[in-house]
Each structure stands twice: as structure tokens, then as C-alpha cells.
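One file, upload26.csv, is given below (CSV, C-alpha atoms and all ligand atoms).
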chain,number,residue,atom,x,y,z
M,19,MET,CA,104.7,77.9,110.4
M,20,MET,CA,106.7,79.7,107.7
M,21,ARG,CA,106.3,78.2,104.3
M,22,SER,CA,109.5,78.1,102.3
M,23,GLU,CA,107.9,79.6,99.2
M,24,ASN,CA,106.7,82.7,101.1
M,25,LYS,CA,108.4,86.0,100.4
M,26,ILE,CA,109.6,87.7,103.5
M,27,LEU,CA,108.8,91.3,104.5
M,28,LEU,CA,110.2,93.3,107.3
M,29,LEU,CA,108.0,96.1,108.6
M,30,THR,CA,109.1,98.7,111.2
M,31,GLY,CA,106.6,100.6,113.4
M,32,SER,CA,104.0,97.8,113.4
M,33,SER,CA,102.2,98.6,116.6
M,34,SER,CA,100.1,101.5,115.4
M,35,GLY,CA,98.6,103.4,112.5
M,36,ILE,CA,99.6,102.3,109.0
M,37,GLY,CA,102.0,99.6,110.2
M,38,TRP,CA,99.3,98.0,112.3
M,39,GLN,CA,96.9,98.0,109.3
M,40,ILE,CA,99.6,96.3,107.2
M,41,CYS,CA,99.8,93.6,109.9
M,42,GLN,CA,96.1,93.0,109.5
M,43,SER,CA,95.9,93.3,105.7
M,44,VAL,CA,98.9,91.5,104.5
M,45,SER,CA,98.0,88.3,102.7
M,46,ASN,CA,99.0,84.8,103.8
M,47,ASP,CA,101.4,84.3,101.0
M,48,PHE,CA,103.8,86.7,102.6
M,49,THR,CA,105.7,86.2,105.9
M,50,LEU,CA,105.7,89.5,107.7
M,51,PHE,CA,108.3,90.2,110.4
M,52,ALA,CA,106.6,93.0,112.3
M,53,GLY,CA,109.1,95.2,114.1
M,54,VAL,CA,108.0,96.2,117.7
M,55,LYS,CA,109.7,98.2,120.5
M,56,ASN,CA,108.6,96.1,123.5
M,57,GLU,CA,106.8,92.9,124.7
M,58,GLU,CA,103.4,94.7,125.0
M,59,GLN,CA,103.6,95.6,121.3
M,60,ALA,CA,104.7,92.0,120.4
M,61,GLU,CA,101.6,90.7,122.3
M,62,LYS,CA,99.4,93.0,120.3
M,63,ILE,CA,100.8,91.5,117.1
M,64,ARG,CA,100.3,88.0,118.4
M,65,SER,CA,96.8,88.8,119.4
M,66,LEU,CA,95.9,89.0,115.7
M,67,GLY,CA,96.4,85.2,115.7
M,68,ARG,CA,98.0,85.3,112.3
M,69,GLU,CA,100.7,82.6,111.7
M,70,ASN,CA,102.4,84.6,109.0
M,71,VAL,CA,102.7,87.8,111.0
M,72,ILE,CA,105.6,87.4,113.4
M,73,PRO,CA,106.7,90.1,116.0
M,74,ILE,CA,110.3,90.9,116.1
M,75,GLN,CA,112.1,93.3,118.5
M,76,LEU,CA,113.2,96.3,116.5
M,77,ASP,CA,113.7,99.7,117.8
M,78,VAL,CA,115.3,101.4,114.7
M,79,ARG,CA,117.5,103.6,116.9
M,80,ASN,CA,119.2,100.5,118.3
M,81,SER,CA,122.1,99.1,116.2
M,82,GLY,CA,122.2,95.9,118.1
M,83,GLN,CA,118.5,95.3,117.6
M,84,ILE,CA,118.8,96.0,113.9
M,85,SER,CA,121.6,93.4,113.5
M,86,ALA,CA,119.8,90.8,115.7
M,87,ALA,CA,116.5,91.2,113.8
M,88,LEU,CA,118.2,90.7,110.5
M,89,GLU,CA,120.1,87.7,111.8
M,90,GLU,CA,116.9,86.1,113.0
M,91,ILE,CA,115.2,86.9,109.7
M,92,SER,CA,118.1,85.5,107.8
M,93,GLU,CA,118.1,82.3,109.8
M,94,ARG,CA,114.4,81.8,109.5
M,95,GLY,CA,114.1,82.9,105.9
M,96,GLY,CA,117.0,81.1,104.3
M,97,GLY,CA,119.2,84.2,104.0
M,98,LYS,CA,116.7,86.2,101.9
M,99,LEU,CA,114.5,89.2,102.4
M,100,TYR,CA,112.0,90.5,99.8
M,101,ALA,CA,111.0,93.9,101.2
M,102,ILE,CA,111.6,96.4,103.9
M,103,ILE,CA,108.6,98.7,104.7
M,104,ASN,CA,109.7,101.6,106.9
M,105,CYS,CA,106.8,102.8,109.0
M,106,ALA,CA,108.6,103.7,112.2
M,107,VAL,CA,108.2,107.3,112.9
M,108,VAL,CA,108.1,110.1,115.6
M,109,ALA,CA,107.0,113.7,115.0
M,110,HIS,CA,108.4,116.0,117.6
M,111,SER,CA,106.6,119.4,117.6
M,112,GLY,CA,106.9,122.9,118.9
M,113,PRO,CA,108.8,126.0,117.8
M,114,ILE,CA,112.2,125.0,116.7
M,115,GLU,CA,113.8,127.5,119.1
M,116,TRP,CA,112.6,125.3,122.0
M,117,ILE,CA,113.3,121.8,120.7
M,118,PRO,CA,116.1,120.3,122.8
M,119,LYS,CA,119.0,118.7,120.9
M,120,GLU,CA,118.1,115.3,122.3
M,121,GLN,CA,114.7,115.5,120.6
M,122,LEU,CA,116.2,116.6,117.3
M,123,GLU,CA,118.6,113.6,117.6
M,124,ASP,CA,115.7,111.3,118.4
M,125,GLN,CA,113.8,112.7,115.4
M,126,PHE,CA,116.6,112.0,113.0
M,127,ASP,CA,117.6,108.7,114.6
M,128,THR,CA,114.1,107.3,114.2
M,129,ASN,CA,113.0,108.7,110.9
M,130,LEU,CA,116.3,108.7,109.0
M,131,PHE,CA,119.5,107.3,110.5
M,132,GLY,CA,117.9,104.1,111.9
M,133,PRO,CA,116.2,103.3,108.6
M,134,ILE,CA,119.4,104.0,106.7
M,135,GLU,CA,121.4,101.6,109.0
M,136,LEU,CA,118.7,99.0,108.6
M,137,VAL,CA,119.0,99.3,104.8
M,138,GLN,CA,122.8,99.2,104.9
M,139,LYS,CA,122.7,96.0,106.9
M,140,ALA,CA,119.9,94.4,105.0
M,141,ILE,CA,121.4,94.7,101.5
M,142,PRO,CA,123.1,91.3,101.6
M,143,LEU,CA,119.7,89.7,102.3
M,144,LEU,CA,117.9,91.8,99.8
M,145,VAL,CA,120.2,91.0,96.9
M,146,LYS,CA,119.5,87.3,97.3
M,147,GLU,CA,115.8,87.8,96.5
M,148,LYS,CA,114.9,88.7,92.9
M,149,GLY,CA,112.9,92.0,92.6
M,150,SER,CA,113.5,92.9,96.2
M,151,ARG,CA,112.4,96.4,97.3
M,152,ILE,CA,112.6,99.1,100.0
M,153,ILE,CA,109.6,101.2,100.8
M,154,PHE,CA,110.0,104.6,102.5
M,155,MET,CA,107.1,106.6,103.7
M,156,GLY,CA,107.1,110.2,102.4
M,157,SER,CA,104.8,113.0,103.6
M,158,MET,CA,103.5,116.3,102.4
M,159,ALA,CA,105.7,117.6,105.3
M,160,GLY,CA,108.6,116.6,102.9
M,161,VAL,CA,107.3,119.1,100.3
M,162,PHE,CA,105.8,121.9,102.4
M,163,THR,CA,107.2,122.8,105.9
M,164,LYS,CA,104.5,123.9,108.3
M,165,PRO,CA,105.4,125.8,111.5
M,166,LEU,CA,105.7,123.7,114.7
M,167,THR,CA,106.6,120.5,112.9
M,168,LEU,CA,110.0,121.4,111.5
M,169,PRO,CA,111.9,118.4,113.0
M,170,TYR,CA,109.5,116.0,111.3
M,171,SER,CA,109.6,118.0,108.1
M,172,MET,CA,113.4,118.1,108.0
M,173,THR,CA,113.5,114.3,108.1
M,174,LYS,CA,110.9,113.9,105.4
M,175,PHE,CA,112.7,116.3,103.1
M,176,SER,CA,115.9,114.3,103.7
M,177,LEU,CA,114.1,111.1,102.8
M,178,GLU,CA,113.2,112.6,99.4
M,179,ALA,CA,116.9,113.1,98.8
M,180,LEU,CA,117.8,109.7,100.1
M,181,VAL,CA,115.3,107.7,98.0
M,182,ASP,CA,116.3,109.5,94.8
M,183,GLY,CA,120.0,108.6,95.2
M,184,LEU,CA,119.5,105.2,96.8
M,185,ARG,CA,117.2,104.1,93.9
M,186,ILE,CA,120.1,104.6,91.4
M,187,GLU,CA,122.8,103.3,93.7
M,188,LEU,CA,121.0,100.0,94.3
M,189,LYS,CA,119.7,99.5,90.8
M,190,THR,CA,122.6,97.3,89.6
M,191,GLN,CA,122.0,95.1,92.6
M,192,GLY,CA,118.4,94.5,91.6
M,193,ILE,CA,116.9,96.3,94.6
M,194,TYR,CA,114.0,98.7,93.9
M,195,THR,CA,113.4,101.8,96.1
M,196,SER,CA,110.0,103.5,96.3
M,197,LEU,CA,108.7,106.5,98.2
M,198,ILE,CA,105.0,106.3,99.1
M,199,THR,CA,103.4,109.6,100.1
M,200,PRO,CA,100.0,109.5,101.6
M,201,SER,CA,97.6,112.4,102.3
M,202,ASN,CA,96.9,112.9,106.0
M,203,SER,CA,95.4,110.0,107.8
M,204,PRO,CA,93.8,109.7,111.2
M,205,THR,CA,96.5,107.6,112.9
M,206,PRO,CA,97.9,108.0,116.5
M,207,ILE,CA,100.9,110.0,115.1
M,208,TRP,CA,98.9,113.2,115.5
M,209,ASP,CA,98.0,112.7,119.2
M,210,LYS,CA,101.5,111.5,120.1
M,211,SER,CA,103.0,114.7,118.5
M,212,LEU,CA,100.4,116.9,120.2
M,213,VAL,CA,101.1,115.3,123.7
M,214,GLN,CA,104.8,115.9,123.2
M,215,GLY,CA,104.2,119.5,122.0
M,216,ARG,CA,102.0,120.3,125.0
M,217,LYS,CA,104.7,119.0,127.3
M,218,LEU,CA,107.3,121.3,125.8
M,219,LEU,CA,104.8,124.2,125.9
M,220,SER,CA,104.2,123.6,129.6
M,221,THR,CA,107.8,124.3,130.4
M,222,LYS,CA,107.6,127.8,129.0
M,223,THR,CA,106.4,131.1,130.6
M,224,ALA,CA,103.7,133.3,129.1
M,225,ALA,CA,106.5,135.8,128.1
M,226,GLN,CA,108.4,133.0,126.3
M,227,ARG,CA,105.2,131.9,124.5
M,228,ALA,CA,104.1,135.4,123.5
M,229,PRO,CA,106.1,135.7,120.2
M,230,TYR,CA,104.7,132.4,119.0
M,231,SER,CA,101.1,132.9,120.2
M,232,PHE,CA,99.9,133.4,116.6
M,233,ILE,CA,100.8,129.7,115.8
M,234,LEU,CA,100.6,128.1,119.3
M,235,ASP,CA,96.9,129.1,119.4
M,236,ARG,CA,96.3,126.9,116.4
M,237,MET,CA,98.5,124.0,117.4
M,238,GLU,CA,95.7,122.0,119.1
M,239,SER,CA,93.0,122.6,116.4
M,240,PHE,CA,95.4,122.0,113.6
M,241,SER,CA,96.5,118.7,115.1
M,242,ILE,CA,92.9,117.7,116.0
M,243,ARG,CA,92.0,118.4,112.4
M,244,GLY,CA,94.6,115.8,111.4
M,245,THR,CA,93.3,113.2,113.8
M,246,ASP,CA,89.7,113.1,112.6
M,247,LYS,CA,90.1,113.8,108.8
M,248,GLY,CA,92.0,112.3,106.0
M,249,ILE,CA,92.2,109.0,104.3
M,250,PRO,CA,91.8,105.8,106.3
M,251,PRO,CA,95.0,104.0,107.2
M,252,GLN,CA,93.5,100.8,105.7
M,253,LYS,CA,93.6,102.5,102.3
M,254,ILE,CA,97.2,103.5,102.7
M,255,ALA,CA,98.1,99.9,103.9
M,256,GLU,CA,96.4,98.5,100.8
M,257,GLY,CA,98.3,101.0,98.6
M,258,ILE,CA,101.6,99.9,100.2
M,259,LEU,CA,100.8,96.2,99.7
M,260,LYS,CA,99.9,96.8,96.1
M,261,VAL,CA,103.4,98.2,95.6
M,262,ILE,CA,104.8,95.1,97.3
M,263,ARG,CA,103.0,93.0,94.7
M,264,ARG,CA,103.8,95.0,91.6
M,265,ALA,CA,106.4,93.3,89.4
M,266,LYS,CA,108.1,96.7,89.0
M,267,PRO,CA,107.3,99.0,91.9
M,268,PRO,CA,106.7,102.7,91.1
M,269,ILE,CA,109.5,105.1,91.9
M,270,ARG,CA,107.0,107.3,93.7
M,271,LYS,CA,103.3,106.8,94.6
M,272,ARG,CA,101.0,109.4,96.2
M,273,ILE,CA,97.9,108.2,97.9
M,274,GLY,CA,94.9,110.5,98.4
M,275,ILE,CA,93.9,113.7,96.6
M,276,SER,CA,95.5,116.3,98.8
M,277,SER,CA,99.0,114.7,98.5
M,278,ASN,CA,98.6,115.0,94.7
M,279,TRP,CA,97.4,118.5,94.5
M,280,MET,CA,99.8,119.8,97.2
M,281,TYR,CA,102.7,118.2,95.4
M,282,PHE,CA,101.9,119.9,92.0
M,283,VAL,CA,101.1,123.2,93.7
M,284,SER,CA,104.4,123.1,95.5
M,285,LEU,CA,106.3,122.9,92.1
M,286,PHE,CA,105.0,126.2,90.9
M,287,LEU,CA,104.1,128.4,93.9
M,288,PRO,CA,106.3,131.2,95.0
M,289,TYR,CA,107.4,130.9,98.6
M,290,SER,CA,105.4,133.9,99.8
M,291,MET,CA,102.3,132.2,98.4
M,292,ARG,CA,103.2,129.0,100.2
M,293,ASP,CA,103.4,130.8,103.5
M,294,TRP,CA,100.1,132.5,102.9
M,295,ILE,CA,98.4,129.2,102.1
M,296,ILE,CA,99.8,127.5,105.2
M,297,MET,CA,98.7,130.4,107.5
M,298,ARG,CA,95.3,130.3,105.9
M,299,ARG,CA,94.9,126.6,106.5
M,300,MET,CA,96.0,127.1,110.1
M,301,LYS,CA,93.4,129.9,110.6
M,302,LYS,CA,90.7,127.6,109.1
M,303,ALA,CA,91.8,124.9,111.5
M,304,LYS,CA,91.2,127.3,114.4
M,305,LYS,CA,87.7,128.2,113.2
M,306,ASP,CA,86.6,124.6,112.6
M,401,LIG,N1,99.3,109.5,109.5
M,401,LIG,C1,99.5,110.4,108.5
M,401,LIG,O1,98.7,111.4,108.3
M,401,LIG,C2,100.7,110.3,107.6
M,401,LIG,C3,100.8,111.1,106.5
M,401,LIG,C4,101.9,111.0,105.6
M,401,LIG,C5,102.9,110.1,105.9
M,401,LIG,N2,102.8,109.3,107.0
M,401,LIG,C6,103.9,108.4,107.3
M,401,LIG,O2,103.5,107.0,107.5
M,401,LIG,C7,104.3,106.3,108.3
M,401,LIG,C8,103.5,105.7,109.5
M,401,LIG,O3,102.9,106.7,110.2
M,401,LIG,P1,101.6,106.5,111.2
M,401,LIG,O4,100.7,107.6,110.9
M,401,LIG,O5,101.2,105.1,111.0
M,401,LIG,O6,102.3,106.7,112.6
M,401,LIG,P2,102.0,106.1,114.0
M,401,LIG,O7,100.6,105.6,114.1
M,401,LIG,O8,102.5,107.0,115.0
M,401,LIG,O9,102.9,104.7,114.0
M,401,LIG,C9,104.3,104.8,114.1
M,401,LIG,C10,104.9,103.6,114.6
M,401,LIG,O10,106.3,103.7,114.7
M,401,LIG,C11,106.7,103.2,116.0
M,401,LIG,N3,108.0,103.8,116.4
M,401,LIG,C12,108.3,105.0,116.9
M,401,LIG,N4,109.6,105.1,117.2
M,401,LIG,C13,110.2,103.9,116.8
M,401,LIG,C14,111.5,103.4,116.9
M,401,LIG,N5,112.5,104.1,117.4
M,401,LIG,N6,111.7,102.1,116.4
M,401,LIG,C15,110.7,101.4,115.9
M,401,LIG,N7,109.4,101.8,115.9
M,401,LIG,C16,109.1,103.1,116.3
M,401,LIG,C17,105.6,103.6,116.9
M,401,LIG,O11,105.6,102.9,118.2
M,401,LIG,P3,105.2,103.8,119.5
M,401,LIG,O12,103.8,104.2,119.3
M,401,LIG,O13,105.5,102.9,120.6
M,401,LIG,O14,106.2,104.9,119.5
M,401,LIG,C18,104.4,103.2,116.0
M,401,LIG,O15,104.2,101.8,116.1
M,401,LIG,C19,105.3,107.4,108.8
M,401,LIG,O16,106.5,107.3,108.1
M,401,LIG,C20,104.6,108.7,108.6
M,401,LIG,O17,105.5,109.8,108.4
M,401,LIG,C21,101.7,109.4,107.9
Mind turning this structure into C-alpha cells?
Amino acid sequence: MMRSENKILLLTGSSSGIGWQICQSVSNDFTLFAGVKNEEQAEKIRSLGRENVIPIQLDVRNSGQISAALEEISERGGGKLYAIINCAVVAHSGPIEWIPKEQLEDQFDTNLFGPIELVQKAIPLLVKEKGSRIIFMGSMAGVFTKPLTLPYSMTKFSLEALVDGLRIELKTQGIYTSLITPSNSPTPIWDKSLVQGRKLLSTKTAAQRAPYSFILDRMESFSIRGTDKGIPPQKIAEGILKVIRRAKPPIRKRIGISSNWMYFVSLFLPYSMRDWIIMRRMKKAKKD
């Protein structure tokens, strides 16, 4: 049962990783509409047995589903929405020369255009709730571009630009915009990206792979390094929920040591040094 005094949150990408942790950690004084792509994911959310966590069909690439989800939230929440938490993501990987246009489109539709459409359509609900807020998830990939994950990085760089302008544009309507940038975390994003990268690789001949062997050799180990190290997704979910509770949310929040030092290093390092550091980290990943 939704209590009328509850503030309403809309989360995208609820079925795994950080979004899934938010579904488990959100306190009962919020009503969380947890965006899912299919019935199986909806069932996963229901299996938590939490009355205040309600699955809602929301593939962010689908305009019809965005409108329908917001309509349902509006009806059930009295026309108000307190926060959007954007966790839906894909990370297509492989040398950019090989990434098909459809994958680039999917990358931008999921990580950028879908979330923008969601925000555009949600503004009339957000303005009705005092102190409402939009949370985007940044990444170190939006500060440093590593080889093999350019499509993901391009969307994360774009988000940096989006949040800086959106924050100012929405200010007079009383809507806050925050970018939360965590360090690497062992969530399924890494495996999903690797599976997709391997699939792309399998379509290429040895001759086609040859010019990229210096990085392809490291693709697996670099990704595996991401899956077993880093800060727990629970800690990131708690950080996001703290931002939701703050009277005035921060403009930007970095979670984890590496996101902090990498950000500051990026401000001062010449590009040749950046390249050297990235290659060194990839070599280290191969050895580990
Ligand atoms: N994990 C990290 O190391 C890390 C570091 C920095 C920033 N982040 C950011 O944190 C956020 C969450 O990442 P995560 O690690 O939790 O990733 P994740 O475990 O892969 O979860 C992503 C979620 O998004 C869903 N999704 C994919 N495409 C969608 C679509 N079109 N519409 C709606 N939902 C969709 C996925 O469902 P399916 O599984 O069915 O596709 C999944 O539920 C992302 O913005 C990511 O960039 C993560």
C-alpha cells in the first residue's frame, strides 16, 4: 500500500548491480518505482517482498513505455515525483572500427537519449514536488577514455555536459540535478560488456585482429579485474540514497578513492601521460 506522505522515486535499471542494491536498501518512507525491462525482472523485484518497491515496465529506449510509466506514477502518486535515479546502462565494447552502427545507437539510446526523454517528460511531475531531484550516474569513463570501451565513454562524457547545463536550466523550476561518480564496482556490467565484446571478436579473422592484438590480449584480464575488485555496489547505493535524503543535494559526488584521485589527476595530466598510464594499467591487468 502506498502511503500518501511517501515521497516517490523512479529508478531505471533496477534488476541488477547498483539499481538492484537500491531496491534492497531504500527505506520504507519512500515509494520506489523500480524500472524493469521484462516480467522476469519484475518478478525479481517482487521477490524482495517489499510493499514500497513496485516494479514498473520501463525500457528507456521505448518512448511509449516512458510515457506509460510516468502516467502510472502520476496516477498512483498524486501527480508528483520526487526523484529520478538513472541506473539503466549498457557498455558495448570492442575496437571502435568494428562497432556496428546499431550498437552505437543502442549505446546512446540507453545511456543518454532515453534518460533525456525520461527527464523531459517527467518535468511536469517533478516541479510539483518541492526539492525534487534528478540523479545521473557518471563514471571515470567520462573523464578518461580507455581503449575498447569508447561507446560507453562517449555517453559518459556526454552526461558530464548534460548535467552541467541541465542543473542551471532546471534551477528556476526547483529541480536539482546531481552527478554521482563511483569508482569501479563488481557489478554485472563488466561481464555483460565482455560477453558482447567476445561476440564481436568472434566475427573477426586473425588478420583483422592483428593490429589490435596489443589491446585485445588484455581485454579479458582488464574486464575480469573490474568484476572482482572495487567498491561494493551496496556502498554506492547507500551513497545515492544519502543524496536523495540531503535537503540540498550535491552538484557532484564521487564515491571511492580511485574516482577521486583519477578525477584530480585528469585535470593536470598531459594527454601523452594519460595514454601511458592507461596502457600501464592494462599491462598490469594482464599480469594479475
Ligand atoms: N559498476 C561499475 O563499476 C560502475 C562504475 C561507475 C559508474 N557506474 C554506473 O552505475 C550505473 C549502474 O551500473 P551497474 O554497474 O549497476 O550496471 P548493471 O549491473 O549492468 O545494471 C544495469 C541495469 O540497467 C538495465 N538496462 C540495460 N538496458 C536498459 C534499457 N534499455 N532500459 C532500462 N534498463 C536497462 C540492465 O538490465 P539488463 O541486465 O536486462 O540489460 C540492468 O538492470 C550505470 O550508469 C554505470 O555507468 C558503474
### Message
Quick check, in Å to one decimal: how far apart do atom C20 of ligand LIG 401 (chain M) and CA of Ala109 in chain M lie?
### Response
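Between atom C20 of ligand LIG 401 (chain M) and CA of Ala109 in chain M the gap is 8.5 Å.
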For the interface of chain M with ligand LIG 401 (chain M) (cut-off 6 Å, counting only C-alpha atoms and all ligand atoms), please tabulate each contacting residue of chain M alongside its nearest pair of atoms and their separation in Å to one decimal, rows sorted by chain and increasing number, as CSV.
residue,atom,partner,partner_atom,distance
M:Thr30,CA,M:LIG401,N7,5.6
M:Gly31,CA,M:LIG401,O10,3.4
M:Ser32,CA,M:LIG401,O15,4.8
M:Ser33,CA,M:LIG401,O15,3.8
M:Ser34,CA,M:LIG401,O15,4.2
M:Gly35,CA,M:LIG401,O7,3.4
M:Ile36,CA,M:LIG401,O5,3.8
M:Gly37,CA,M:LIG401,O5,5.6
M:Lys55,CA,M:LIG401,C15,5.7
M:Leu76,CA,M:LIG401,C15,5.7
M:Asp77,CA,M:LIG401,N6,3.4
M:Val78,CA,M:LIG401,N6,4.0
M:Arg79,CA,M:LIG401,N5,5.0
M:Cys105,CA,M:LIG401,C7,4.4
M:Ala106,CA,M:LIG401,O10,3.4
M:Val107,CA,M:LIG401,O10,4.5
M:Val108,CA,M:LIG401,C12,5.3
M:Thr128,CA,M:LIG401,N5,4.8
M:Met155,CA,M:LIG401,O16,4.5
M:Gly156,CA,M:LIG401,C5,5.5
M:Ser157,CA,M:LIG401,C4,4.1
M:Thr199,CA,M:LIG401,C5,5.8
M:Pro200,CA,M:LIG401,C4,4.7
M:Ser201,CA,M:LIG401,C3,5.4
M:Asn202,CA,M:LIG401,O1,3.3
M:Ser203,CA,M:LIG401,O1,3.6
M:Pro204,CA,M:LIG401,N1,5.8
M:Thr205,CA,M:LIG401,O4,4.7
M:Pro206,CA,M:LIG401,O7,4.3
M:Ile207,CA,M:LIG401,O8,3.4
Let's have the selection written as a CSV table (one decimal), in the coordinates of the input, with C-alpha atoms.
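Writing done, so here's result35.csv:
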chain,number,residue,atom,x,y,z
M,30,THR,CA,109.1,98.7,111.2
M,31,GLY,CA,106.6,100.6,113.4
M,32,SER,CA,104.0,97.8,113.4
M,33,SER,CA,102.2,98.6,116.6
M,34,SER,CA,100.1,101.5,115.4
M,35,GLY,CA,98.6,103.4,112.5
M,36,ILE,CA,99.6,102.3,109.0
M,37,GLY,CA,102.0,99.6,110.2
M,55,LYS,CA,109.7,98.2,120.5
M,76,LEU,CA,113.2,96.3,116.5
M,77,ASP,CA,113.7,99.7,117.8
M,78,VAL,CA,115.3,101.4,114.7
M,79,ARG,CA,117.5,103.6,116.9
M,105,CYS,CA,106.8,102.8,109.0
M,106,ALA,CA,108.6,103.7,112.2
M,107,VAL,CA,108.2,107.3,112.9
M,108,VAL,CA,108.1,110.1,115.6
M,128,THR,CA,114.1,107.3,114.2
M,155,MET,CA,107.1,106.6,103.7
M,156,GLY,CA,107.1,110.2,102.4
M,157,SER,CA,104.8,113.0,103.6
M,199,THR,CA,103.4,109.6,100.1
M,200,PRO,CA,100.0,109.5,101.6
M,201,SER,CA,97.6,112.4,102.3
M,202,ASN,CA,96.9,112.9,106.0
M,203,SER,CA,95.4,110.0,107.8
M,204,PRO,CA,93.8,109.7,111.2
M,205,THR,CA,96.5,107.6,112.9
M,206,PRO,CA,97.9,108.0,116.5
M,207,ILE,CA,100.9,110.0,115.1
Residues of range 200-268 of chain M that have any atom at most 12 Å from an atom of range 160-182 of chain M: could you tabulate them with the shortest-distance atom pair and the distance in Å to one decimal, using all atoms listed in the file, ordered by chain and increasing number, as CSV?
residue,atom,partner,partner_atom,distance
M:Pro200,CA,M:Gly160,CA,11.2
M:Ser201,CA,M:Gly160,CA,11.8
M:Ile207,CA,M:Tyr170,CA,11.2
M:Trp208,CA,M:Thr167,CA,10.9
M:Ser211,CA,M:Thr167,CA,8.8
M:Leu212,CA,M:Leu166,CA,10.2
M:Gln214,CA,M:Thr167,CA,11.4
M:Gly215,CA,M:Leu166,CA,8.6
M:Arg216,CA,M:Leu166,CA,11.5
M:Leu218,CA,M:Leu166,CA,11.5
M:Leu219,CA,M:Leu166,CA,11.2
M:Tyr230,CA,M:Leu166,CA,9.8
M:Ser231,CA,M:Leu166,CA,11.7
M:Phe232,CA,M:Pro165,CA,10.7
M:Ile233,CA,M:Pro165,CA,7.4
M:Leu234,CA,M:Leu166,CA,8.2
M:Asp235,CA,M:Leu166,CA,11.3
M:Arg236,CA,M:Leu166,CA,10.1
M:Met237,CA,M:Leu166,CA,7.7
M:Glu238,CA,M:Leu166,CA,11.1
M:Phe240,CA,M:Leu166,CA,10.5
M:Ser241,CA,M:Leu166,CA,10.5
#### Entry: Non-local contacts of Ser65 in chain M (12 Å; only C-alpha atoms; under 4 positions in same chain excluded) as an MDAnalysis selection string
chainID M and resid 33 38 41:42 58:61 69 71:73
Select from range 146-228 of chain M every residue with an atom at most 8 Å from any atom of range 262-267 of chain M, then for each give the shortest pair of atoms and their distance in Å to one decimal, using only C-alpha atoms, rows by chain and rising number, as a tab-separated table.
residue	atom	partner	partner_atom	distance
M:Gly149	CA	M:Ala265	CA	7.4
M:Arg151	CA	M:Ile262	CA	7.7
M:Tyr194	CA	M:Pro267	CA	7.0
M:Thr195	CA	M:Pro267	CA	7.9
M:Ser196	CA	M:Pro267	CA	6.8
### Task
Name the closest residue to Lys98 in chain M among the candidates M:Ile254, M:Ala52, M:Val261, M:Leu144; distances are taken between atoms, counting all atoms listed in the file.
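Smallest distance to Lys98 in chain M is found for M:Leu144.
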### Query
Distance CA of Ile249 in chain M-CA of Lys271 in chain M, one decimal place?
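The value is 14.9 Å.
Separating CA of Leu136 in chain M from CA of Glu256 in chain M is a distance of 23.6 Å.
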### Message
Just checking: using all atoms listed in the file, which residue out of M:Ser150, M:Ser111, M:Ser43, M:Asn104 ends up closest to Leu130 in chain M?
### Response
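For Leu130 in chain M, the nearest of the candidates is M:Asn104.
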### Task
Select, from M:Asp124, M:Asp293, M:Asp209, M:Glu147, the residue with the minimum atom-to-atom distance to Asn24 in chain M, counting only C-alpha atoms.
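Looking only at the distances to Asn24 in chain M, the closest residue turns out to be M:Glu147.
Residue nearest Asn80 in chain M, chosen from M:Arg299, M:Leu259, M:Gln39, M:Phe131 and counting all atoms listed in the file: M:Phe131.
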